[in-house]
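Visitor: Quick one: the structure is below, and I'll ask about it shortly.
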Number of protein chains: 4
Amino acid sequence: MKQYKKVLLAYSGGLDTSIIIPWLKENYGCEVVAASADVGQGTELDGLEEKALKTGASKLYVLDLVDEFVEDYVFPTLQAGAVYEDGYLLGTSFARPIIGKKLVEIAQKEGCDAICHGCTGKGNDQVRFELAIRAHAPDMPIIAPWREWHIKSREEEIDYAEAHNVPLKIDRATNYSKDKNLWHLSHEGLDLEDPAQEPQYEKPGFLEMGVSPLQAPDKPAYVTIHFEKGVPTAVDGKPMKGSDIVRTLNQLGGANGVGLIDIMENRLVGMKSRGVYETPGGTILYFAHKQLEMLCLDKETAHYKALVAHKFADLVYNGQWYTPLRQALSAFVTETQKTVTGDVKLKLYKGNIIPAGTTSPYSLYSEELATFGEDQIYDQKDSAGFIHLFGLPITVQAKLKQNWEE
Amino acid sequence: MKQYKKVLLAYSGGLDTSIIIPWLKENYGCEVVAASADVGQGTELDGLEEKALKTGASKLYVLDLVDEFVEDYVFPTLQAGAVYEDGYLLGTSFARPIIGKKLVEIAQKEGCDAICHGCTGKGNDQVRFELAIRAHAPDMPIIAPWREWHIKSREEEIDYAEAHNVPLKIDRATNYSKDKNLWHLSHEGLDLEDPAQEPQYEKPGFLEMGVSPLQAPDKPAYVTIHFEKGVPTAVDGKPMKGSDIVRTLNQLGGANGVGLIDIMENRLVGMKSRGVYETPGGTILYFAHKQLEMLCLDKETAHYKALVAHKFADLVYNGQWYTPLRQALSAFVTETQKTVTGDVKLKLYKGNIIPAGTTSPYSLYSEELATFGEDQIYDQKDSAGFIHLFGLPITVQAKLKQNWEE
Amino acid sequence: MKQYKKVLLAYSGGLDTSIIIPWLKENYGCEVVAASADVGQGTELDGLEEKALKTGASKLYVLDLVDEFVEDYVFPTLQAGAVYEDGYLLGTSFARPIIGKKLVEIAQKEGCDAICHGCTGKGNDQVRFELAIRAHAPDMPIIAPWREWHIKSREEEIDYAEAHNVPLKIDRATNYSKDKNLWHLSHEGLDLEDPAQEPQYEKPGFLEMGVSPLQAPDKPAYVTIHFEKGVPTAVDGKPMKGSDIVRTLNQLGGANGVGLIDIMENRLVGMKSRGVYETPGGTILYFAHKQLEMLCLDKETAHYKALVAHKFADLVYNGQWYTPLRQALSAFVTETQKTVTGDVKLKLYKGNIIPAGTTSPYSLYSEELATFGEDQIYDQKDSAGFIHLFGLPITVQAKLKQNWEE
Amino acid sequence: MKQYKKVLLAYSGGLDTSIIIPWLKENYGCEVVAASADVGQGTELDGLEEKALKTGASKLYVLDLVDEFVEDYVFPTLQAGAVYEDGYLLGTSFARPIIGKKLVEIAQKEGCDAICHGCTGKGNDQVRFELAIRAHAPDMPIIAPWREWHIKSREEEIDYAEAHNVPLKIDRATNYSKDKNLWHLSHEGLDLEDPAQEPQYEKPGFLEMGVSPLQAPDKPAYVTIHFEKGVPTAVDGKPMKGSDIVRTLNQLGGANGVGLIDIMENRLVGMKSRGVYETPGGTILYFAHKQLEMLCLDKETAHYKALVAHKFADLVYNGQWYTPLRQALSAFVTETQKTVTGDVKLKLYKGNIIPAGTTSPYSLYSEELATFGEDQIYDQKDSAGFIHLFGLPITVQAKLKQNWEE
């Protein structure tokens with residue numbers, strides 16, 4: 001086995017990344033530097049350093065990435081309107097590139113000769129991390145213990161942890177596999193693995209970012225979001241930085257049962273996988289952004305942008321953030337957002353988001369034009385000519401067909 | 001003005017098409033044959049013949065198109081997953097082609113030398129009707145009074161009706177402009193013309209096919225829909241013909257506040273227009289169909305079909321049903337639906353549709369594969385090779401970039 | 001008929017736009033200001049002012065647009081790789097927007113109250129001109145005599161000209177309908193109107209920008225083109241401005257029989273139309289640009305850009321240059337061109353363009369990687385893992401299918 | 001190492017697959033059954049059985065796949081108009097699926113417990129073969145010696161061959177890596193690996209299917225191809241089966257220097273690779289088919305089909321022939337070909353293909369419509385209305401912009 005001197009480990013303090021510390025030292029004979037990224041997952045960072053050191057790491061970095069995550073990864077994706085398979089708001093997907101990039105920065109600063117992550121060999125995250133690392137350090141070796149070691153289950157992990165004195169409050173009860181950050185919380189596994197099963201949203205402890213529609217109050221709540229060039233900048237008239245907007249809307253959305261998604265998605269590595277996602281604030285932001293675009297984008301732009309959004313979502317999902325294509329699509333998106341400025345009022349009620357009024361200084365809607373009466377711009381007689389020419393291929397073909405059939 | 005001998009009029013019995021009868025006779029010196037299409041709009045057909053004759057028509061055809069409409073137009077569009085601008089379920093759009101085609105059949109049978117419709121010159125329906133007519137009778141003249149006459153408002157229509165003894169219960173109060181059929185009910189106009197206004201869903205008389213989420217019962221309702229090759233064939237285990245499935249789900253969806261959509265759409269004729277749509281059964285069917293496809297379509301097919309759905313929706317919206325491209329896209333769609341067979345259970349609750357279990361004999365989901373443990377098919381070590389090659393362009397570019405920057 | 005005080009006429013000095021001068025004065029009672037755009041068509045500008053004044057115009061503007069045309073319209077389209085219907089290099093299409101925009105500038109400066117053009121009512125150019133004018137002066141009335149007057153043929157035009165003392169050397173022989181500028185020359189009409197006819201390329205006078213492959217010298221010519229960020233900047237090592245590059249390559253390409261295209265295209269106004277195009281320099285530039293992109297663009301970007309190119313071409317063809325979508329697509333294109341820098345050597349021989357060596361500092365090609373032997377980056381064993389995962393959906397489906405069929 | 005009883009080897013009689021026979025026996029302790037597919041590569045099949053048996057195989061199957069290859073793989077791809085990266089006519093790509101499928105049939109008949117191929121670990125063919133095998137036998141083990149053994153070069157192969165008494169006429173001179181079948185011949189390697197090098201087309205022995213444009217006769221040759229529903233069925237009025245059409249056109253095209261392509265392509269496994277392809281007959285067929293489609297497909301269908309062709313090409317290139325998406329795209333394509341029937345006359349001259357007249361009973365071109373004079377169907381006045389509505393979004397935006405800027 002190749003040996004390393006110093007390995008940087010993407011560390012969360014959970015069972016997986018905790019046992020990797022002794023495993024790395026045992027197998028690669030290396031010093032282990034740990035790094036934890038704060039992308040708003042809200043877990044306890046107090047005591048994390050102590051835990052990492054006790055488990056055998058030589059150092060712990062804690063990286064506050066929340067604002068950069070929201071502004072440089074989440075909002076550009078929101079502007080693109082990118083949704084994976086028409087359902088998944090990419091919460092885990094776009095958190096990986098920023099972490100991968102930061103890991104490289106620390107690894108280079110620390111003089112590490114490899115980077116290690118705790119992703120399993122069946123998921124998307126291994127791809128996302130590794131692509132991000134390679135984009136910034138193409139020669140950096142990457143260690144993925146789940147693809148190397150003989151541990152095959154949570155049970156075996158716990159045994160390994162106990163055997164190596166890993167200081168964990170160990171809980172042998174299995175739980176959903178979850179991933180959390182400021183944008184979302186995902187749930188996979190257990191009963192969800194049977195697509196015939198309805199998720200138990202109302203079971204205490206299942207939902208963490210809010211309640212189910214059934215549990216939400218029987219009274220609507222209103223909220224108004226302001227966007228500047230496609231970026232949310234204020235809630236109910238109060239200017240806020242991006243992360244605070246997401247926090248505020250997470251609270252409001254969660255309380256009103258908004259943003260629960262249950263999908264069977266296609267993973268990059270070729271298999272289907274069922275996930276339940278809580279994205280209360282994100283769901284509101286996507287909805288609001290679309291309302292504003294309906295008013296401010298012209299039809300041709302809107303229709304083409306809807307196609308671009310599919311590709312954008314695939315790239316984000318696949319971990320291809322740092323690619324020329326993602327950058328070129330972002331250039332397209334940015335150009336479309338120049339006039340996506342205005343206010344969107346929404347009514348939240350037991351899981352529903354109901355439009356309650358949208359305004360924009362760049363609105364392309366003209367009441368005069370849309371009404372059925374007379375106006376200055378539109379002469380109804382023009383539509384006869386329009387239809388003749390728009391329908392000309394149909395007319396010509398129908399005429400010719402008469403000959404074909406004769 | 002060119003004169004005609006006998007004109008076939010698409011007749012509803014409402015104000016617009018009623019005054020057209022005397023107007024046609026006066027202006028074109030022609031006999032007027034009226035034809036009413038029943039596409040499930042549920043309006044009174046009793047007395048319609050008498051009314052048409054009293055208004056001056058020489059004959060009234062009533063065409064029962066409900067089943068053909070659902071089976072040959074609605075369900076193929078559902079299979080395509082086509083939604084216009086990610087919101088509108090095309091309720092009015094796909095009703096026009098079938099009516100247009102039937103008008104041609106009657107006109108030819110009756111020996112009419114022109115066809116007349118009552119669509120305004122600012123809307124999409126004029127295009128849809130006329131394209132359908134031309135596809136089947138490219139030489140048939142089409143009369144569109146709204147593009148010809150001097151009547152400019154509802155007021156003037158009523159004056160004209162009174163002056164010509166049109167037997168209408170005349171109500172000078174304005175109302176929303178509505179279009180109804182078995183699939184949906186649309187609302188346009190009045191306060192909706194200001195996008196800053198929230199629709200008054202709870203106001204008595206506004207909604208007709210159901211209630212708003214706020215008015216719906218505080219208790220979920222379950223329903224299970226069976227699909228065969230992408231076509232719904234049974235509800236709660238009870239086989240039904242298509243139109244009965246839509247009726248059943250309209251009832252259930254409407255009662256539970258499902259299927260309200262409020263969008264600012266881009267009309268074909270170049271303007272934006274705000275519409276509120278009630279599509280209770282349709283919304284459930286689209287949702288259910290997608291659930292099943294998530295289980296039964298492979299990723300490549302699903303992703304490409306999502307793009308095709310955009311084009312399909314545009315064609316339907318634009319009235320291009322009878323075109324080679326729509327037919328070719330339908331051939332694509334039909335091929336994808338071969339395995340879209342199974343049962344989808346849904347929970348309806350105050351406007352929400354919540355997946356409650358999907359099953360299919362053709363499910364491509366494998367629990368064994370998706371779980372994070374070992375299995376027979378998937379070797380986690382393979383993912384290292386996969387990532388290396390999938391990420392190779394990123395690695396190569398990152399390596400080369402180092403040289404560029406030196 | 002509405003009257004105008006001063007009308008700006010897009011004037012070429014040809015028969016069409018010459019007779020429009022008296023026709024406008026007669027019918028609109030207006031002063032006529034003429035404006036001629038030089039987009040490299042190479043026609044005689046000497047004496048044009050005198051001719052315009054003699055025909056009744058009060059003034060003639062001659063606009064030198066060649067460099068702006070090439071740099072701001074032609075090259076962005078070249079960078080996009082946009083080709084209409086895989087054949088037409090958009091020579092006429094992108095000349096219209098720049099002229100339309102300049103017409104508005106002059107009209108506003110001169111205080112004209114309408115703009116007039118001489119396009120027929122069956123072609124694309126009327127659309128392109130009018131869209132360009134509206135984008136810059138939405139309220140400016142536009143006069144299109146061919147859609148208004150009773151003249152129906154070249155014969156009637158000549159009669160009108162003679163009756164109004166229009167000072168033309170009148171030639172009653174019919175000729176192809178041609179449009180020329182620095183980029184191309186188009187031919188339509190006469191024998192070309194029968195798609196069963198082979199164009200008579202070798203007939204003296206047919207081709208103007210070069211010779212046919214049969215007439216070209218039996219000796220290859222080499223040329224090397226340098227691009228910076230997708231823009232050609234030098235030929236055979238000699239830096240030149242854009243228009244000189246096109247001129248130089250027109251000569252070289254024309255002499256070697258390069259750039260003849262014969263297509264049946266679909267006009268915007270719904271009909272098919274047969275055109276023969278000479279685009280010698282443009283064909284070389286497109287070919288060279290693609291050679292360089294094959295070396296410098298990664299696969300994902302190249303594949304997606306190929307789709308974008310289709311849309312870009314449609315927009316240019318349809319006259320939608322000044323639209324948000326064209327601008328957003330250009331932002332995408334510009335981003336992709338950052339590394340499209342290098343030299344492309346080509347061999348021109350009797351109509352053929354044969355690649356003769358491409359180099360770039362940003363080449364993504366690695367000889368080490370591509371050869372079948374060992375290398376540092378690529379471990380052939382990785383491909384087993386890659387194939388397993390890439391083919392996983394096929395494997396899973398094939399396995400499940402065995403059950404379905406049992 | 002896992003042992004097998006009987007392995008089926010895809011065998012060509014060349015160096016690679018010859019040494020695999022002893023290697024398999026040595027390493028897997030198995031009987032080796034060899035199978036050679038005839039897809040028109042034109043190599044000597046005489047003596048092949050003897051050679052295989054002498055090298056140690058227990059049996060040789062020779063499969064005549066030429067007609068099935070052309071009819072079920074080549075022509076459906078031609079109908080799709082699928083070209084990989086706008087240059088490569090997929091000659092190798094679509095030969096792999098048919099061979100893979102036949103290998104499975106023989107392996108199952110013979111009771112083999114594994115299939116072996118001789119593709120390298122850096123190419124596309126390993127993927128194509130393995131996907132085809134898995135689609136038909138998902139549980140069949142696949143052996144790819146190049147990914148397993150320690151042989152790294154042609155030199156080492158020859159040493160191995162000599163050491164194992166493989167009866168080859170051994171030629172230590174290196175050569176281009178070539179792949180040949182009825183459709184094409186590819187060249188890779190040697191000087192071609194430097195993209196700055198011009199291929200030496202005129203060097204004796206380089207081209208095999210024809211001559212270069214410089215070497216071709218200085219006299220044009222005419223040929224007329226008849227298509228029925230997009231499938232070529234006759235040449236110069238003589239009905240022929242598909243493979244004979246390709247043969248005939250290969251001769252004619254090759255003799256006239258037609259069908260040489262030199263591209264830098266993106267392999268599936270992530271790297272760029274330079275290839276020179278000879279596809280004389282195929283290039284003519286693609287050209288002819290497009291000529292006919294220009295006449296027979298309406299614009300909307302043609303434009304959308306051009307996008308579908310990109311996806312189709314990717315699927316074929318990637319070996320995803322036996323996938324639901326390829327099948328669904330084929331359903332689309334088949335539907336579009338219903339009227340692609342007619343005759344295309346072409347002039348071949350020193351590498352050029354020049355259209356010389358196309359006719360079809362389903363032509364959508366109307367000379368009456370296209371000419372600029374009057375006609376029955378098209379009223380030029382209609383275009384004013386068309387332009388107003390087509391340009392309405394531009395007008396509205398330009399008007400609103402005036403307010404924004406105030």
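Here's how to read the names in the structure tokens: chain A, B, ... by the order shown, residue numbers from 1 in each chain, ligand numbers from 1 in the order shown.
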Run DSSP on the backbone and grab whatever in stretch 204-282 of chain B lands in alpha helix (DSSP H); send it over as an mmCIF file with N, CA, C and O atoms, in the first residue's frame.
Guide:
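Saved to selection31.cif:
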data_model
loop_
_atom_site.group_PDB
_atom_site.id
_atom_site.type_symbol
_atom_site.label_atom_id
_atom_site.label_comp_id
_atom_site.auth_asym_id
_atom_site.auth_seq_id
_atom_site.Cartn_x
_atom_site.Cartn_y
_atom_site.Cartn_z
ATOM 1 N N GLY B 242 -61.693 6.372 -19.873
ATOM 2 C CA GLY B 242 -60.925 7.586 -19.602
ATOM 3 C C GLY B 242 -61.744 8.739 -19.070
ATOM 4 O O GLY B 242 -61.361 9.381 -18.082
ATOM 5 N N SER B 243 -62.859 9.016 -19.717
ATOM 6 C CA SER B 243 -63.615 10.193 -19.294
ATOM 7 C C SER B 243 -64.139 10.013 -17.873
ATOM 8 O O SER B 243 -64.216 10.973 -17.107
ATOM 9 N N ASP B 244 -64.451 8.785 -17.504
ATOM 10 C CA ASP B 244 -64.941 8.561 -16.140
ATOM 11 C C ASP B 244 -63.813 8.701 -15.115
ATOM 12 O O ASP B 244 -64.041 9.133 -13.978
ATOM 13 N N ILE B 245 -62.623 8.337 -15.519
ATOM 14 C CA ILE B 245 -61.487 8.554 -14.621
ATOM 15 C C ILE B 245 -61.302 10.040 -14.363
ATOM 16 O O ILE B 245 -61.136 10.477 -13.219
ATOM 17 N N VAL B 246 -61.361 10.826 -15.432
ATOM 18 C CA VAL B 246 -61.207 12.274 -15.247
ATOM 19 C C VAL B 246 -62.331 12.810 -14.372
ATOM 20 O O VAL B 246 -62.092 13.587 -13.436
ATOM 21 N N ARG B 247 -63.567 12.373 -14.630
ATOM 22 C CA ARG B 247 -64.697 12.835 -13.811
ATOM 23 C C ARG B 247 -64.499 12.498 -12.335
ATOM 24 O O ARG B 247 -64.698 13.333 -11.456
ATOM 25 N N THR B 248 -64.104 11.251 -12.089
ATOM 26 C CA THR B 248 -63.921 10.795 -10.711
ATOM 27 C C THR B 248 -62.848 11.610 -10.006
ATOM 28 O O THR B 248 -63.010 12.049 -8.861
ATOM 29 N N LEU B 249 -61.754 11.828 -10.726
ATOM 30 C CA LEU B 249 -60.652 12.558 -10.096
ATOM 31 C C LEU B 249 -60.940 14.057 -10.002
ATOM 32 O O LEU B 249 -60.449 14.726 -9.098
ATOM 33 N N ASN B 250 -61.749 14.562 -10.917
ATOM 34 C CA ASN B 250 -62.173 15.965 -10.792
ATOM 35 C C ASN B 250 -62.914 16.173 -9.480
ATOM 36 O O ASN B 250 -62.686 17.138 -8.758
ATOM 37 N N GLN B 251 -63.792 15.253 -9.219
ATOM 38 C CA GLN B 251 -64.589 15.327 -7.975
ATOM 39 C C GLN B 251 -63.693 15.285 -6.754
ATOM 40 O O GLN B 251 -63.741 16.147 -5.875
ATOM 41 N N LEU B 252 -62.854 14.267 -6.733
ATOM 42 C CA LEU B 252 -62.006 14.049 -5.572
ATOM 43 C C LEU B 252 -60.994 15.181 -5.421
ATOM 44 O O LEU B 252 -60.789 15.717 -4.327
ATOM 45 N N GLY B 253 -60.365 15.539 -6.537
ATOM 46 C CA GLY B 253 -59.363 16.612 -6.491
ATOM 47 C C GLY B 253 -60.019 17.940 -6.128
ATOM 48 O O GLY B 253 -59.514 18.682 -5.285
ATOM 49 N N GLY B 254 -61.139 18.223 -6.785
ATOM 50 C CA GLY B 254 -61.821 19.487 -6.516
ATOM 51 C C GLY B 254 -62.212 19.609 -5.051
ATOM 52 O O GLY B 254 -62.011 20.657 -4.420
ATOM 53 N N ALA B 255 -62.729 18.534 -4.501
ATOM 54 C CA ALA B 255 -63.152 18.544 -3.100
ATOM 55 C C ALA B 255 -61.984 18.795 -2.162
ATOM 56 O O ALA B 255 -62.160 19.343 -1.064
ATOM 57 N N PRO B 280 -58.488 19.895 -11.514
ATOM 58 C CA PRO B 280 -58.288 18.984 -10.366
ATOM 59 C C PRO B 280 -57.890 17.573 -10.778
ATOM 60 O O PRO B 280 -56.852 17.068 -10.341
ATOM 61 N N GLY B 281 -58.690 16.957 -11.632
ATOM 62 C CA GLY B 281 -58.364 15.590 -12.033
ATOM 63 C C GLY B 281 -57.077 15.531 -12.837
ATOM 64 O O GLY B 281 -56.246 14.645 -12.658
ATOM 65 N N GLY B 282 -56.914 16.488 -13.715
ATOM 66 C CA GLY B 282 -55.727 16.523 -14.556
ATOM 67 C C GLY B 282 -54.446 16.649 -13.750
ATOM 68 O O GLY B 282 -53.441 15.983 -14.029
#
Visitor: Any idea what's packed within 10 Å of B:Asp171, counting only C-alpha atoms, ignoring anything in its chain fewer than 3 positions away? Could you give it as a list of chain:residue names?
Guide: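 Near neighbours after the sequence-gap exclusion: B:Leu15, B:Ile158, B:Leu168, B:Thr174, B:Asn175.
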Visitor: Write the residues you've just listed into a file as a CSV table (one decimal), in the first residue's frame, and include all heavy atoms for each of them.
Guide:
chain,number,residue,atom,x,y,z
B,15,LEU,N,-73.3,34.6,-25.7
B,15,LEU,CA,-73.5,35.8,-26.3
B,15,LEU,C,-72.8,36.0,-27.7
B,15,LEU,O,-73.3,36.3,-28.7
B,15,LEU,CB,-73.1,37.0,-25.4
B,15,LEU,CG,-73.2,38.4,-25.9
B,15,LEU,CD1,-74.6,38.7,-26.4
B,15,LEU,CD2,-72.8,39.4,-24.8
B,158,ILE,N,-74.1,43.3,-26.6
B,158,ILE,CA,-75.5,43.2,-26.0
B,158,ILE,C,-76.4,44.1,-26.8
B,158,ILE,O,-77.5,43.7,-27.2
B,158,ILE,CB,-75.4,43.5,-24.5
B,158,ILE,CG1,-74.6,42.4,-23.8
B,158,ILE,CG2,-76.9,43.6,-24.0
B,158,ILE,CD1,-74.4,42.8,-22.3
B,168,LEU,N,-81.6,35.9,-25.7
B,168,LEU,CA,-80.6,35.6,-24.7
B,168,LEU,C,-81.2,36.2,-23.4
B,168,LEU,O,-81.8,37.3,-23.4
B,168,LEU,CB,-79.3,36.3,-24.9
B,168,LEU,CG,-78.4,35.6,-25.9
B,168,LEU,CD1,-77.3,36.6,-26.3
B,168,LEU,CD2,-77.8,34.4,-25.4
B,174,THR,N,-70.3,42.3,-16.1
B,174,THR,CA,-69.2,41.6,-16.7
B,174,THR,C,-68.8,40.4,-15.8
B,174,THR,O,-69.1,40.3,-14.6
B,174,THR,CB,-68.0,42.5,-16.9
B,174,THR,OG1,-67.7,43.1,-15.6
B,174,THR,CG2,-68.3,43.5,-17.9
B,175,ASN,N,-68.1,39.5,-16.4
B,175,ASN,CA,-67.6,38.3,-15.7
B,175,ASN,C,-66.3,37.9,-16.2
B,175,ASN,O,-65.8,38.5,-17.2
B,175,ASN,CB,-68.6,37.2,-15.9
B,175,ASN,CG,-68.5,36.1,-14.8
B,175,ASN,OD1,-67.5,36.1,-14.0
B,175,ASN,ND2,-69.5,35.3,-14.7
Visitor: Counting only C-alpha atoms, give me one row per residue of chain A with an atom at most 9 Å from an atom of chain D, showing the shortest contact pair and its distance in Å to one decimal, sorted by chain then residue number, as a Markdown table.
Guide:
| residue | atom | partner | partner_atom | distance |
| --- | --- | --- | --- | --- |
| A:Asp298 | CA | D:Pro393 | CA | 6.8 |
| A:Lys299 | CA | D:Pro393 | CA | 8.0 |
| A:Pro361 | CA | D:Trp404 | CA | 7.3 |
| A:Tyr362 | CA | D:Trp404 | CA | 7.2 |
| A:Ser363 | CA | D:Leu400 | CA | 8.4 |
| A:Leu364 | CA | D:Gln397 | CA | 6.5 |
| A:Tyr365 | CA | D:Val396 | CA | 8.8 |
| A:Ser366 | CA | D:Val396 | CA | 8.3 |
| A:Ile377 | CA | D:Val396 | CA | 8.4 |
| A:Tyr378 | CA | D:His388 | CA | 8.0 |
| A:Asp379 | CA | D:Gly385 | CA | 8.3 |
| A:Gln380 | CA | D:Gly385 | CA | 8.9 |
| A:Lys381 | CA | D:Gly385 | CA | 7.2 |
| A:Asp382 | CA | D:Gly385 | CA | 3.7 |
| A:Ser383 | CA | D:Gly385 | CA | 5.9 |
| A:Ala384 | CA | D:Gly385 | CA | 6.9 |
| A:Gly385 | CA | D:Asp382 | CA | 3.7 |
| A:Phe386 | CA | D:Phe386 | CA | 3.7 |
| A:Ile387 | CA | D:Phe386 | CA | 7.4 |
| A:His388 | CA | D:Asp382 | CA | 6.9 |
| A:Leu389 | CA | D:Phe386 | CA | 6.6 |
| A:Phe390 | CA | D:Phe386 | CA | 7.7 |
| A:Leu392 | CA | D:Tyr378 | CA | 8.3 |
| A:Pro393 | CA | D:Asp298 | CA | 6.9 |
| A:Ile394 | CA | D:Asp298 | CA | 8.8 |
| A:Thr395 | CA | D:Ile377 | CA | 8.7 |
| A:Val396 | CA | D:Leu364 | CA | 7.2 |
| A:Gln397 | CA | D:Leu364 | CA | 6.6 |
| A:Leu400 | CA | D:Leu364 | CA | 7.4 |
| A:Lys401 | CA | D:Tyr362 | CA | 8.0 |
| A:Trp404 | CA | D:Tyr362 | CA | 7.2 |
Visitor: Would you pick out the contacts of B:Arg326 at 9 Å or less, using only C-alpha atoms, so that residues sharing its chain but fewer than 3 positions from it are not included, and give the list as number ranges by chain?
Guide: B: 311-312, 315-316, 320-323, 329-331; D: 301
Visitor: Using DSSP assignments from the backbone, pull out every residue in stretch 177-371 of chain C that falls under strand (DSSP E or B) and give it to me as a VMD selection string.
Guide: chain C and resid 177 to 180 185 to 188 221 to 228 231 to 235 238 to 239 260 to 266 272 to 278 342 to 349 352 to 359
Visitor: Can you pull out the residues contacting D:Asn181? Cut-off 8 Å, using only C-alpha atoms, and skip same-chain residues under 4 positions away; I want them as a PyMOL selection string.
Guide: chain D and resi 39-42+91-92+95+185
Visitor: Leaving out stretch 115-117 of chain A and any residue of its chain fewer than 5 positions from it, which residues lie within 8 Å of it when counting only C-alpha atoms, given as a ChimeraX atom specification?
Guide: /A:7-11,17,103-104,107,126,129,140-145
Visitor: Considering only C-alpha atoms, state which residue in the set D:Asn266, D:Thr283, D:Gln3, D:Ser12 is at the smallest distance from D:Ala82.
Guide: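 Of D:Asn266, D:Thr283, D:Gln3, D:Ser12, the one nearest D:Ala82 is D:Thr283, counting only C-alpha atoms.
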Visitor: If I take atom CA of B:Glu155 and atom CA of B:Ile19, how far is one from the other in Å, to one decimal?
Guide: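 Pair atom CA of B:Glu155 / atom CA of B:Ile19 returns 12.5 Å.
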Visitor: With 10 Å as the cut-off and only C-alpha atoms counted, what is the closest atom pair between each nearby residue of stretch 155-241 of chain A and stretch 339-353 of chain B? Distances in Å to one decimal, ordered by chain and number, as a tab-separated table.
Guide:
residue	atom	partner	partner_atom	distance
A:Ala196	CA	B:Lys345	CA	8.4
A:Gln197	CA	B:Lys345	CA	9.6
A:Glu198	CA	B:Lys345	CA	8.8
A:Pro213	CA	B:Asn352	CA	7.8
A:Leu214	CA	B:Tyr349	CA	7.7
Visitor: Could you take the residues named above and write them with all heavy atoms, as a tab-separated table (two decimals), in the first residue's frame?
Guide:
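As written to disk, selection_11.tsv reads:
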chain	number	residue	atom	x	y	z
A	196	ALA	N	-43.17	1.53	-2.37
A	196	ALA	CA	-44.59	1.34	-2.08
A	196	ALA	C	-44.98	1.95	-0.74
A	196	ALA	O	-46.17	2.04	-0.42
A	196	ALA	CB	-44.93	-0.16	-2.10
A	197	GLN	N	-43.98	2.35	0.06
A	197	GLN	CA	-44.26	2.90	1.38
A	197	GLN	C	-44.44	4.40	1.34
A	197	GLN	O	-43.62	5.12	0.77
A	197	GLN	CB	-43.11	2.58	2.35
A	197	GLN	CG	-42.92	1.12	2.64
A	197	GLN	CD	-44.17	0.49	3.24
A	197	GLN	OE1	-44.75	1.02	4.18
A	197	GLN	NE2	-44.60	-0.61	2.65
A	198	GLU	N	-45.46	4.87	2.02
A	198	GLU	CA	-45.64	6.31	2.22
A	198	GLU	C	-44.71	6.77	3.34
A	198	GLU	O	-44.64	6.12	4.38
A	198	GLU	CB	-47.10	6.56	2.61
A	198	GLU	CG	-47.40	8.01	2.85
A	198	GLU	CD	-48.86	8.22	3.31
A	198	GLU	OE1	-49.66	7.25	3.26
A	198	GLU	OE2	-49.18	9.34	3.73
A	213	PRO	N	-47.73	19.14	5.98
A	213	PRO	CA	-48.93	19.94	5.74
A	213	PRO	C	-50.03	19.65	6.76
A	213	PRO	O	-50.72	20.57	7.21
A	213	PRO	CB	-49.35	19.52	4.32
A	213	PRO	CG	-48.06	19.15	3.65
A	213	PRO	CD	-47.24	18.50	4.73
A	214	LEU	N	-50.17	18.39	7.15
A	214	LEU	CA	-51.23	18.05	8.11
A	214	LEU	C	-51.01	18.69	9.47
A	214	LEU	O	-51.96	18.97	10.20
A	214	LEU	CB	-51.33	16.53	8.28
A	214	LEU	CG	-52.11	15.78	7.19
A	214	LEU	CD1	-51.25	15.57	5.95
A	214	LEU	CD2	-52.64	14.46	7.70
